[in-house]
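Structure, as structure tokens:
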There are 2 protein chains.
Amino acid sequence: MPTTPAVFVGPQENPLLVEAVERGGGTVVALADAEAVVVSGGHGDLPELPDSVTWVQLPSAGIESWVAAGVIDASRTWTSAAGAYSHSVAEGAVALLLAGVRGIGRAARLSTWDPETLDGVQSSLRGSTIAIIGAGGIGTAMIPAFAGLGAEVIAVTRRGLPVDGAAQTLPADRVGEVFAAADHVVLAAPATSETKALIGAEQLAALGPQGWLVNIARGSLVDTDALVAALAAGTIAGAALDVTDPEPLPDGHPLWTEPRCIITPHSTNPSVLRVGALAERVTENVRRFAAGEELLGLVDPERGY
Amino acid sequence: MPTTPAVFVGPQENPLLVEAVERGGGTVVALADAEAVVVSGGHGDLPELPDSVTWVQLPSAGIESWVAAGVIDASRTWTSAAGAYSHSVAEGAVALLLAGVRGIGRAARLSTWDPETLDGVQSSLRGSTIAIIGAGGIGTAMIPAFAGLGAEVIAVTRRGLPVDGAAQTLPADRVGEVFAAADHVVLAAPATSETKALIGAEQLAALGPQGWLVNIARGSLVDTDALVAALAAGTIAGAALDVTDPEPLPDGHPLWTEPRCIITPHSTNPSVLRVGALAERVTENVRRFAAGEELLGLVDPERGY
């Protein structure tokens, strides 16, 4: 039978997190009476914790600042928000690809009723194959949405082990195959030396004139000059970019006026959505804490993540 | 065991439909040798059909022009493309709502890197409730996509009988309840005297400041002046319109410059997507014909639809 955890929410007041604790079956109490703490913000700063506190929920996915501040100790359980924000970024990527193929980027710029602007430029994700390069937490969170739209996914992961819901998974060293095999490509891989300028003229040519490129990872994955040239030439159908190289994209850059390009200024993980996602995670972890189940986002105090 | 139907494709040549017939297991033959005909276009005009033809596939959802031309007779089986185009329009509606809540309409108008434009205006479909008013062929085709995005659907149909995948179905005479109950509303109902100006100031106020309105039905369902006022006042979060009243929307109309509004000029069912959808239908019906199964889009020659 679940208990009713006594949870302190702080240091800042946060009604949404209070609600989230209560929805998970907890009671919000003063710090001195708490067995668990939900940290509502800050960068490494924490009040002195009484010994009664056995679990601390941190508010961010990366916890470098708390590690640096030396507050993480092995005497309690610590959880981060790792993975909690994946769905928001994944939804942003799906929105970008769908807006691209359905011509909504072009339509949004109209100021006169001109259906011909969209003539011949629309395609459908239904029956298409979408490659997700970097199918980690964010990339895999896109798969149910693409499935619901009738599209198939090729996932690319470091080792190429099967990914739930993907029709096929390829290891990173076979990423070159996906540009011809897929109709569209979504970049969700970390910025590393291996992924730097992963997308150049050759990959864009293989993607082809019906293909859309979506980048919600880091600008460095794409050779911007090659992309500008491919868009101008119609080598690919379009690009939807949440990240660019250089970033911020300077005023007057050709991508700003390219009709085949949609740009969101690094905004697929906005604070307004992070709050909701954190609340959802807090509710779930309070529920698990009450039921004695394993918590999400467990931190290894030795490793610091 | 399926047969190999002998199918004539005409009167216009159409390689995509030829391919579709073959993918369905048929052989493309001259009209004189055909047992089935796939009509590739036209508006009521048909070549003289030999007696060997027992099935005719028409290329459109509405077949008024063929009925008017008097070519539909009860001596053969006739099928229309009714329902074949639902997925394309449904995808367009999902794309519009997603572009709206994720701020892509606003972002597409940027010509400078200004993340603050999207501050506070984004929301997520995940965990939201979406009312589909008019959950017929097009409306129900949206449900799997919304499910894949983690949203729940309230369907409104004429009689309110349960709709697959919807959390709740309401009959048309209870449509007034959905504006407060749902986070977002998609209009997919036919234009009738009952649906004229269905959306006015009262409904928009009930929808509320986080709500998006999508209209892919007909412009007459929305009181445009009330919508303009609600958008300007922030009564609702935004509107994404494929259809308007008046239509075409005149130059200089306030909706063209309203940042909360996305307009696609009656383009959720473009010809480029219709061709693919018709091909998909032809493949499926040829397969069914070969297997002796019931065809999709059967026309009642007496009723003429």
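A note on labels: chains of the structure tokens are A, B, ... as shown, every chain counts residues from 1, and ligands are counted from 1 in their shown order.
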
Neighbours of Pro59 in chain A within 7 Å (only C-alpha atoms; same-chain residues fewer than 2 positions away dropped), as an mmCIF file with N, CA and C atoms, in the first residue's frame?
data_model
loop_
_atom_site.group_PDB
_atom_site.id
_atom_site.type_symbol
_atom_site.label_atom_id
_atom_site.label_comp_id
_atom_site.auth_asym_id
_atom_site.auth_seq_id
_atom_site.Cartn_x
_atom_site.Cartn_y
_atom_site.Cartn_z
ATOM 1 N N VAL A 39 13.337 20.266 -5.884
ATOM 2 C CA VAL A 39 14.054 21.536 -6.042
ATOM 3 C C VAL A 39 13.410 22.311 -7.186
ATOM 4 N N SER A 40 12.984 23.537 -6.884
ATOM 5 C CA SER A 40 12.164 24.269 -7.842
ATOM 6 C C SER A 40 12.979 25.177 -8.754
ATOM 7 N N GLY A 41 14.294 25.213 -8.579
ATOM 8 C CA GLY A 41 15.093 26.060 -9.464
ATOM 9 C C GLY A 41 16.475 26.247 -8.893
ATOM 10 N N GLN A 57 14.717 15.575 -5.775
ATOM 11 C CA GLN A 57 14.449 15.689 -7.221
ATOM 12 C C GLN A 57 15.008 17.027 -7.701
ATOM 13 N N SER A 80 17.530 13.438 -11.419
ATOM 14 C CA SER A 80 17.531 14.594 -12.311
ATOM 15 C C SER A 80 16.266 14.547 -13.159
ATOM 16 N N ALA A 81 16.094 15.560 -14.018
ATOM 17 C CA ALA A 81 14.945 15.563 -14.934
ATOM 18 C C ALA A 81 15.330 14.951 -16.282
ATOM 19 N N LEU A 278 8.415 19.087 -16.363
ATOM 20 C CA LEU A 278 8.988 18.824 -15.036
ATOM 21 C C LEU A 278 7.877 18.420 -14.064
#

For chain A versus chain B, which residues have an atom no more than 8 Å away, and what is each residue's nearest atom pair and distance in Å rounded to one decimal, using only C-alpha atoms, chain-then-number order, as a tab-separated table?
residue	atom	partner	partner_atom	distance
A:Ser88	CA	B:Ser124	CA	7.1
A:Glu91	CA	B:Leu149	CA	7.3
A:Gly92	CA	B:Arg102	CA	6.6
A:Ala95	CA	B:Leu98	CA	5.6
A:Leu96	CA	B:Ile104	CA	7.4
A:Leu98	CA	B:Ala95	CA	5.6
A:Ala99	CA	B:Ala95	CA	5.8
A:Arg102	CA	B:Gly92	CA	6.6
A:Ile104	CA	B:Thr264	CA	7.0
A:Gly105	CA	B:Ala108	CA	5.5
A:Arg106	CA	B:Ala108	CA	7.7
A:Ala107	CA	B:Thr264	CA	5.4
A:Ala108	CA	B:Gly105	CA	5.5
A:Arg109	CA	B:Arg109	CA	5.8
A:Leu110	CA	B:Trp256	CA	7.5
A:Ser111	CA	B:Trp256	CA	5.3
A:Thr112	CA	B:Asp251	CA	5.4
A:Trp113	CA	B:Pro265	CA	5.8
A:Asp114	CA	B:Pro265	CA	6.4
A:Pro115	CA	B:Pro265	CA	5.1
A:Leu118	CA	B:Ser267	CA	7.3
A:Asp119	CA	B:Pro270	CA	7.3
A:Gly120	CA	B:Val272	CA	5.8
A:Gln122	CA	B:Val272	CA	7.1
A:Ser123	CA	B:Leu273	CA	6.4
A:Ser124	CA	B:Ser88	CA	7.1
A:Pro144	CA	B:Gly148	CA	4.8
A:Ala145	CA	B:Gly148	CA	4.1
A:Phe146	CA	B:Gly148	CA	7.3
A:Ala147	CA	B:Gly148	CA	6.9
A:Gly148	CA	B:Ala145	CA	4.1
A:Leu149	CA	B:Ala145	CA	5.0
A:Pro248	CA	B:Trp113	CA	5.9
A:Leu249	CA	B:Trp113	CA	6.1
A:Pro250	CA	B:Thr112	CA	7.2
A:Asp251	CA	B:Thr112	CA	5.4
A:Gly252	CA	B:Ser111	CA	7.8
A:Trp256	CA	B:Ser111	CA	5.3
A:Thr257	CA	B:Ser111	CA	7.3
A:Ile262	CA	B:Ala108	CA	5.8
A:Ile263	CA	B:Ala108	CA	6.4
A:Thr264	CA	B:Ala107	CA	5.4
A:Pro265	CA	B:Pro115	CA	5.2
A:His266	CA	B:Pro115	CA	7.0
A:Ser267	CA	B:Pro115	CA	6.6
A:Thr268	CA	B:Arg102	CA	7.9
A:Pro270	CA	B:Asp119	CA	7.3
A:Ser271	CA	B:Gly120	CA	7.9
A:Val272	CA	B:Gly120	CA	5.8
A:Leu273	CA	B:Ser123	CA	6.4

Filtering to N, CA and C atoms, could you give me those residues as a short mmCIF file (atom, residue, chain, number, x, y, z; two decimals), in the first residue's frame?
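The resulting file, part21.cif, is shown below:
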data_model
loop_
_atom_site.label_atom_id
_atom_site.label_comp_id
_atom_site.auth_asym_id
_atom_site.auth_seq_id
_atom_site.Cartn_x
_atom_site.Cartn_y
_atom_site.Cartn_z
N SER A 88 8.84 17.16 -25.53
CA SER A 88 8.62 18.51 -26.05
C SER A 88 9.48 18.77 -27.27
N GLU A 91 8.21 16.65 -30.21
CA GLU A 91 7.02 17.23 -30.83
C GLU A 91 7.39 18.40 -31.72
N GLY A 92 8.35 19.20 -31.28
CA GLY A 92 8.82 20.31 -32.10
C GLY A 92 9.39 19.83 -33.43
N ALA A 95 6.52 18.71 -35.64
CA ALA A 95 5.82 19.90 -36.12
C ALA A 95 6.58 20.54 -37.28
N LEU A 96 7.90 20.60 -37.16
CA LEU A 96 8.72 21.22 -38.21
C LEU A 96 8.64 20.42 -39.51
N LEU A 98 6.32 18.29 -40.48
CA LEU A 98 4.97 18.33 -41.02
C LEU A 98 4.67 19.70 -41.63
N ALA A 99 5.11 20.76 -40.97
CA ALA A 99 4.92 22.11 -41.52
C ALA A 99 5.68 22.23 -42.85
N ARG A 102 3.93 20.02 -45.69
CA ARG A 102 2.60 20.52 -46.02
C ARG A 102 2.59 22.00 -46.42
N ILE A 104 3.34 24.75 -44.91
CA ILE A 104 2.84 25.74 -43.97
C ILE A 104 3.83 26.88 -43.75
N GLY A 105 5.13 26.57 -43.88
CA GLY A 105 6.12 27.64 -43.79
C GLY A 105 5.90 28.68 -44.89
N ARG A 106 5.68 28.20 -46.12
CA ARG A 106 5.41 29.12 -47.22
C ARG A 106 4.10 29.87 -47.02
N ALA A 107 3.06 29.13 -46.62
CA ALA A 107 1.75 29.75 -46.46
C ALA A 107 1.77 30.85 -45.41
N ALA A 108 2.54 30.63 -44.34
CA ALA A 108 2.55 31.60 -43.24
C ALA A 108 3.10 32.95 -43.68
N ARG A 109 3.82 32.96 -44.79
CA ARG A 109 4.41 34.22 -45.26
C ARG A 109 3.52 34.95 -46.25
N LEU A 110 2.38 34.34 -46.61
CA LEU A 110 1.49 34.99 -47.59
C LEU A 110 0.78 36.19 -46.98
N SER A 111 0.52 37.19 -47.79
CA SER A 111 -0.39 38.26 -47.36
C SER A 111 -1.46 38.49 -48.43
N THR A 112 -1.58 37.49 -49.31
CA THR A 112 -2.65 37.52 -50.30
C THR A 112 -3.05 36.08 -50.60
N TRP A 113 -4.31 35.88 -51.00
CA TRP A 113 -4.85 34.53 -51.24
C TRP A 113 -4.26 33.99 -52.53
N ASP A 114 -3.20 33.20 -52.41
CA ASP A 114 -2.47 32.75 -53.59
C ASP A 114 -2.21 31.25 -53.50
N PRO A 115 -3.22 30.43 -53.84
CA PRO A 115 -3.05 28.98 -53.71
C PRO A 115 -1.91 28.45 -54.56
N LEU A 118 1.45 27.13 -53.21
CA LEU A 118 1.60 25.77 -52.67
C LEU A 118 1.48 24.71 -53.75
N ASP A 119 1.28 25.12 -55.00
CA ASP A 119 1.14 24.14 -56.09
C ASP A 119 2.39 23.30 -56.23
N GLY A 120 2.23 22.01 -56.14
CA GLY A 120 3.35 21.11 -56.41
C GLY A 120 4.40 21.04 -55.32
N GLN A 122 3.68 20.53 -51.97
CA GLN A 122 3.28 19.73 -50.81
C GLN A 122 3.56 18.25 -51.05
N SER A 123 3.91 17.57 -49.96
CA SER A 123 3.90 16.11 -50.00
C SER A 123 3.29 15.65 -48.68
N SER A 124 3.24 14.34 -48.48
CA SER A 124 2.59 13.79 -47.30
C SER A 124 3.57 12.88 -46.57
N PRO A 144 6.27 7.33 -32.08
CA PRO A 144 4.80 7.15 -32.06
C PRO A 144 4.07 8.20 -32.91
N ALA A 145 4.59 9.43 -32.91
CA ALA A 145 3.94 10.49 -33.69
C ALA A 145 4.04 10.18 -35.19
N PHE A 146 5.21 9.78 -35.63
CA PHE A 146 5.37 9.45 -37.06
C PHE A 146 4.52 8.24 -37.42
N ALA A 147 4.44 7.26 -36.50
CA ALA A 147 3.60 6.09 -36.76
C ALA A 147 2.14 6.51 -36.92
N GLY A 148 1.69 7.41 -36.06
CA GLY A 148 0.31 7.89 -36.12
C GLY A 148 0.01 8.62 -37.41
N LEU A 149 1.04 9.14 -38.05
CA LEU A 149 0.88 9.84 -39.33
C LEU A 149 1.09 8.89 -40.51
N PRO A 248 23.53 32.67 -33.18
CA PRO A 248 22.36 33.02 -33.98
C PRO A 248 22.69 33.25 -35.46
N LEU A 249 21.73 32.91 -36.31
CA LEU A 249 21.90 33.14 -37.74
C LEU A 249 21.87 34.65 -37.98
N PRO A 250 22.92 35.19 -38.62
CA PRO A 250 22.98 36.66 -38.75
C PRO A 250 21.89 37.23 -39.67
N ASP A 251 21.51 38.46 -39.40
CA ASP A 251 20.57 39.16 -40.29
C ASP A 251 21.13 39.16 -41.71
N GLY A 252 20.24 39.03 -42.67
CA GLY A 252 20.65 39.08 -44.07
C GLY A 252 21.18 37.76 -44.61
N TRP A 256 17.28 33.20 -44.38
CA TRP A 256 16.11 33.96 -43.89
C TRP A 256 15.08 34.18 -44.99
N THR A 257 15.53 34.26 -46.23
CA THR A 257 14.59 34.57 -47.31
C THR A 257 14.37 33.38 -48.25
N ILE A 262 12.42 26.75 -43.20
CA ILE A 262 11.72 27.22 -42.00
C ILE A 262 12.74 27.28 -40.87
N ILE A 263 12.76 28.40 -40.16
CA ILE A 263 13.70 28.53 -39.05
C ILE A 263 12.93 28.86 -37.77
N THR A 264 13.15 28.05 -36.73
CA THR A 264 12.68 28.42 -35.39
C THR A 264 13.95 28.70 -34.58
N PRO A 265 14.01 29.82 -33.89
CA PRO A 265 15.26 30.23 -33.25
C PRO A 265 15.54 29.46 -31.96
N HIS A 266 16.04 28.23 -32.12
CA HIS A 266 16.42 27.37 -30.99
C HIS A 266 15.32 27.38 -29.92
N SER A 267 14.14 26.97 -30.35
CA SER A 267 12.99 27.14 -29.46
C SER A 267 12.12 25.89 -29.34
N THR A 268 12.68 24.70 -29.66
CA THR A 268 11.84 23.51 -29.51
C THR A 268 11.74 23.04 -28.06
N PRO A 270 11.10 25.24 -25.10
CA PRO A 270 10.89 26.52 -24.41
C PRO A 270 10.56 26.32 -22.94
N SER A 271 10.86 27.32 -22.13
CA SER A 271 10.66 27.22 -20.69
C SER A 271 9.19 26.93 -20.36
N VAL A 272 8.29 27.50 -21.17
CA VAL A 272 6.86 27.30 -20.88
C VAL A 272 6.48 25.82 -20.96
N LEU A 273 7.16 25.05 -21.83
CA LEU A 273 6.88 23.62 -21.91
C LEU A 273 7.72 22.83 -20.90
#

Spatial neighbours of range 156-168 of chain B, max dist 6 Å, only C-alpha atoms, sep filter under 6 positions, as a list in words: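 Residues meeting the cut-off are Ile133, Gly134 and Ala135 of chain B.
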
Picked from range 109-255 of chain A by DSSP as helix (DSSP H, G or I), as number ranges by chain: A: 115-118, 137-141, 143-148, 172-181, 201-207, 219-221, 224-233, 254-255

One-decimal distance in Å that lies between CA of Pro2 in chain B and CA of Gly137 in chain B: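 One can read the CA of Gly137 in chain B to CA of Pro2 in chain B distance as 29.1 Å.
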